[in-house]
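> To be precise about what I am sending: the file is called entry11.pdb and holds PDB, C-alpha atoms.
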```pdb
ATOM      1  CA  MET A   1     -64.122  29.551 -78.393  1.00  0.00           C
ATOM      2  CA  SER A   2     -60.630  28.063 -78.262  1.00  0.00           C
ATOM      3  CA  GLU A   3     -59.579  24.489 -78.865  1.00  0.00           C
ATOM      4  CA  ASP A   4     -59.639  24.047 -75.091  1.00  0.00           C
ATOM      5  CA  ALA A   5     -62.936  22.762 -73.727  1.00  0.00           C
ATOM      6  CA  GLU A   6     -63.465  25.790 -71.457  1.00  0.00           C
ATOM      7  CA  PRO A   7     -63.531  29.506 -72.284  1.00  0.00           C
ATOM      8  CA  MET A   8     -60.562  31.704 -71.341  1.00  0.00           C
ATOM      9  CA  VAL A   9     -60.923  32.993 -67.785  1.00  0.00           C
ATOM     10  CA  CYS A  10     -58.129  34.536 -65.709  1.00  0.00           C
ATOM     11  CA  ALA A  11     -57.289  32.098 -62.905  1.00  0.00           C
ATOM     12  CA  THR A  12     -56.361  35.028 -60.646  1.00  0.00           C
ATOM     13  CA  CYS A  13     -59.079  37.670 -61.079  1.00  0.00           C
ATOM     14  CA  GLY A  14     -61.805  35.874 -63.063  1.00  0.00           C
ATOM     15  CA  ARG A  15     -61.711  38.314 -65.991  1.00  0.00           C
ATOM     16  CA  MET A  16     -62.804  37.059 -69.406  1.00  0.00           C
ATOM     17  CA  PRO A  17     -61.322  38.595 -72.566  1.00  0.00           C
ATOM     18  CA  GLU A  18     -63.484  40.721 -74.826  1.00  0.00           C
ATOM     19  CA  GLU A  19     -61.802  39.153 -77.850  1.00  0.00           C
ATOM     20  CA  GLU A  20     -60.194  35.751 -77.334  1.00  0.00           C
ATOM     21  CA  SER A  21     -57.953  35.914 -80.403  1.00  0.00           C
ATOM     22  CA  ALA A  22     -56.331  39.145 -79.144  1.00  0.00           C
ATOM     23  CA  ALA A  23     -56.025  37.786 -75.598  1.00  0.00           C
ATOM     24  CA  ARG A  24     -54.080  34.771 -76.863  1.00  0.00           C
ATOM     25  CA  LEU A  25     -51.293  37.212 -77.757  1.00  0.00           C
ATOM     26  CA  THR A  26     -51.112  38.906 -74.345  1.00  0.00           C
ATOM     27  CA  TRP A  27     -52.371  36.438 -71.726  1.00  0.00           C
ATOM     28  CA  ALA A  28     -50.166  33.791 -70.086  1.00  0.00           C
ATOM     29  CA  ARG A  29     -51.152  30.146 -70.546  1.00  0.00           C
ATOM     30  CA  GLY A  30     -50.099  27.518 -68.030  1.00  0.00           C
ATOM     31  CA  ARG A  31     -50.908  24.025 -66.841  1.00  0.00           C
ATOM     32  CA  GLU A  32     -51.959  22.820 -63.429  1.00  0.00           C
ATOM     33  CA  GLY A  33     -51.922  19.057 -63.688  1.00  0.00           C
ATOM     34  CA  ASP A  34     -54.035  18.202 -66.715  1.00  0.00           C
ATOM     35  CA  ARG A  35     -55.878  21.538 -66.683  1.00  0.00           C
ATOM     36  CA  VAL A  36     -55.085  24.620 -68.790  1.00  0.00           C
ATOM     37  CA  VAL A  37     -55.099  27.884 -66.831  1.00  0.00           C
ATOM     38  CA  TRP A  38     -54.922  31.440 -68.154  1.00  0.00           C
ATOM     39  CA  THR A  39     -53.643  34.612 -66.492  1.00  0.00           C
ATOM     40  CA  CYS A  40     -54.608  37.996 -67.937  1.00  0.00           C
ATOM     41  CA  ALA A  41     -51.929  40.529 -68.849  1.00  0.00           C
ATOM     42  CA  GLU A  42     -52.737  42.763 -65.871  1.00  0.00           C
ATOM     43  CA  CYS A  43     -52.442  39.937 -63.323  1.00  0.00           C
ATOM     44  CA  SER A  44     -49.297  38.648 -65.035  1.00  0.00           C
ATOM     45  CA  ARG A  45     -47.634  42.051 -64.615  1.00  0.00           C
ATOM     46  CA  ARG A  46     -48.887  42.475 -61.052  1.00  0.00           C
ATOM     47  CA  HIS A  47     -47.642  39.042 -59.928  1.00  0.00           C
ATOM     48  CA  LEU A  48     -44.501  38.722 -62.062  1.00  0.00           C
ATOM     49  CA  ARG A  49     -42.116  38.214 -59.123  1.00  0.00           C
ATOM     50  CA  SER A  50     -44.275  35.422 -57.715  1.00  0.00           C
ATOM     51  CA  ILE A  51     -44.482  33.719 -61.115  1.00  0.00           C
ATOM     52  CA  GLU A  52     -40.711  33.945 -61.602  1.00  0.00           C
ATOM     53  CA  GLY A  53     -40.117  32.553 -58.120  1.00  0.00           C
ATOM     54  CA  LYS A  54     -41.934  29.336 -59.040  1.00  0.00           C
ATOM     55  CA  LEU A  55     -39.720  28.570 -62.055  1.00  0.00           C
ATOM     56  CA  ASP A  56     -37.051  25.889 -61.817  1.00  0.00           C
ATOM     57  CA  SER A  57     -33.498  27.189 -61.532  1.00  0.00           C
ATOM     58  CA  ALA A  58     -32.815  25.689 -64.978  1.00  0.00           C
ATOM     59  CA  TRP A  59     -34.729  28.681 -66.434  1.00  0.00           C
ATOM     60  CA  TRP A  60     -32.137  31.052 -64.961  1.00  0.00           C
TER      61      TRP A  60
END
```
Translate the structure of the given file into structure tokens.


Amino acid sequence: MSEDAEPMVCATCGRMPEEESAARLTWARGREGDRVVWTCAECSRRHLRSIEGKLDSAWW
């Protein structure tokens, strides 16, 4: 298990990685308040435009 208190679970689809160490290279990690959230690679690709739309203009 990771250093985070909870196991990795995709916040969008609920998928759990087969191998956490490999998923740490391909999954997106974010924060919602004081909580760590993960998004699997498939959901990240599927929802890329939505994710980009939430970034501050300073990123662009």

> Between A:Cys43, A:Leu55, A:Val37, A:Leu25, which has the minimum distance to Ala11 of chain A (counting all atoms listed in the file)?

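Nearest candidate to Ala11 of chain A out of A:Cys43, A:Leu55, A:Val37, A:Leu25: A:Val37.
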
> Would you work out the distance separating atom CA of Asp56 of chain A from atom CA of Arg15 of chain A, expressed in Å to one decimal?

27.9 Å

> Please evaluate the PyMOL selection byres ((chain A and resi 40) around 12) against the structure above and give the resulting residues as a PDB file with C-alpha atoms, keeping the file's coordinate frame.


```pdb
ATOM      1  CA  MET A   8     -60.562  31.704 -71.341  1.00  0.00           C
ATOM      2  CA  VAL A   9     -60.923  32.993 -67.785  1.00  0.00           C
ATOM      3  CA  CYS A  10     -58.129  34.536 -65.709  1.00  0.00           C
ATOM      4  CA  ALA A  11     -57.289  32.098 -62.905  1.00  0.00           C
ATOM      5  CA  THR A  12     -56.361  35.028 -60.646  1.00  0.00           C
ATOM      6  CA  CYS A  13     -59.079  37.670 -61.079  1.00  0.00           C
ATOM      7  CA  GLY A  14     -61.805  35.874 -63.063  1.00  0.00           C
ATOM      8  CA  ARG A  15     -61.711  38.314 -65.991  1.00  0.00           C
ATOM      9  CA  MET A  16     -62.804  37.059 -69.406  1.00  0.00           C
ATOM     10  CA  PRO A  17     -61.322  38.595 -72.566  1.00  0.00           C
ATOM     11  CA  GLU A  18     -63.484  40.721 -74.826  1.00  0.00           C
ATOM     12  CA  GLU A  20     -60.194  35.751 -77.334  1.00  0.00           C
ATOM     13  CA  ALA A  22     -56.331  39.145 -79.144  1.00  0.00           C
ATOM     14  CA  ALA A  23     -56.025  37.786 -75.598  1.00  0.00           C
ATOM     15  CA  ARG A  24     -54.080  34.771 -76.863  1.00  0.00           C
ATOM     16  CA  LEU A  25     -51.293  37.212 -77.757  1.00  0.00           C
ATOM     17  CA  THR A  26     -51.112  38.906 -74.345  1.00  0.00           C
ATOM     18  CA  TRP A  27     -52.371  36.438 -71.726  1.00  0.00           C
ATOM     19  CA  ALA A  28     -50.166  33.791 -70.086  1.00  0.00           C
ATOM     20  CA  ARG A  29     -51.152  30.146 -70.546  1.00  0.00           C
ATOM     21  CA  GLY A  30     -50.099  27.518 -68.030  1.00  0.00           C
ATOM     22  CA  VAL A  37     -55.099  27.884 -66.831  1.00  0.00           C
ATOM     23  CA  TRP A  38     -54.922  31.440 -68.154  1.00  0.00           C
ATOM     24  CA  THR A  39     -53.643  34.612 -66.492  1.00  0.00           C
ATOM     25  CA  ALA A  41     -51.929  40.529 -68.849  1.00  0.00           C
ATOM     26  CA  GLU A  42     -52.737  42.763 -65.871  1.00  0.00           C
ATOM     27  CA  CYS A  43     -52.442  39.937 -63.323  1.00  0.00           C
ATOM     28  CA  SER A  44     -49.297  38.648 -65.035  1.00  0.00           C
ATOM     29  CA  ARG A  45     -47.634  42.051 -64.615  1.00  0.00           C
ATOM     30  CA  ARG A  46     -48.887  42.475 -61.052  1.00  0.00           C
ATOM     31  CA  HIS A  47     -47.642  39.042 -59.928  1.00  0.00           C
ATOM     32  CA  LEU A  48     -44.501  38.722 -62.062  1.00  0.00           C
TER      33      LEU A  48
END
```

> Let me have the centre and edge lengths in Å, one decimal, of the box along x, y and z around every listed atom of segment 7-19 of chain A with 6 Å of margin on each side, as JSON.


```
{"center_x": -59.9, "center_y": 35.1, "center_z": -69.2, "size_x": 19.2, "size_y": 23.2, "size_z": 29.2}
```
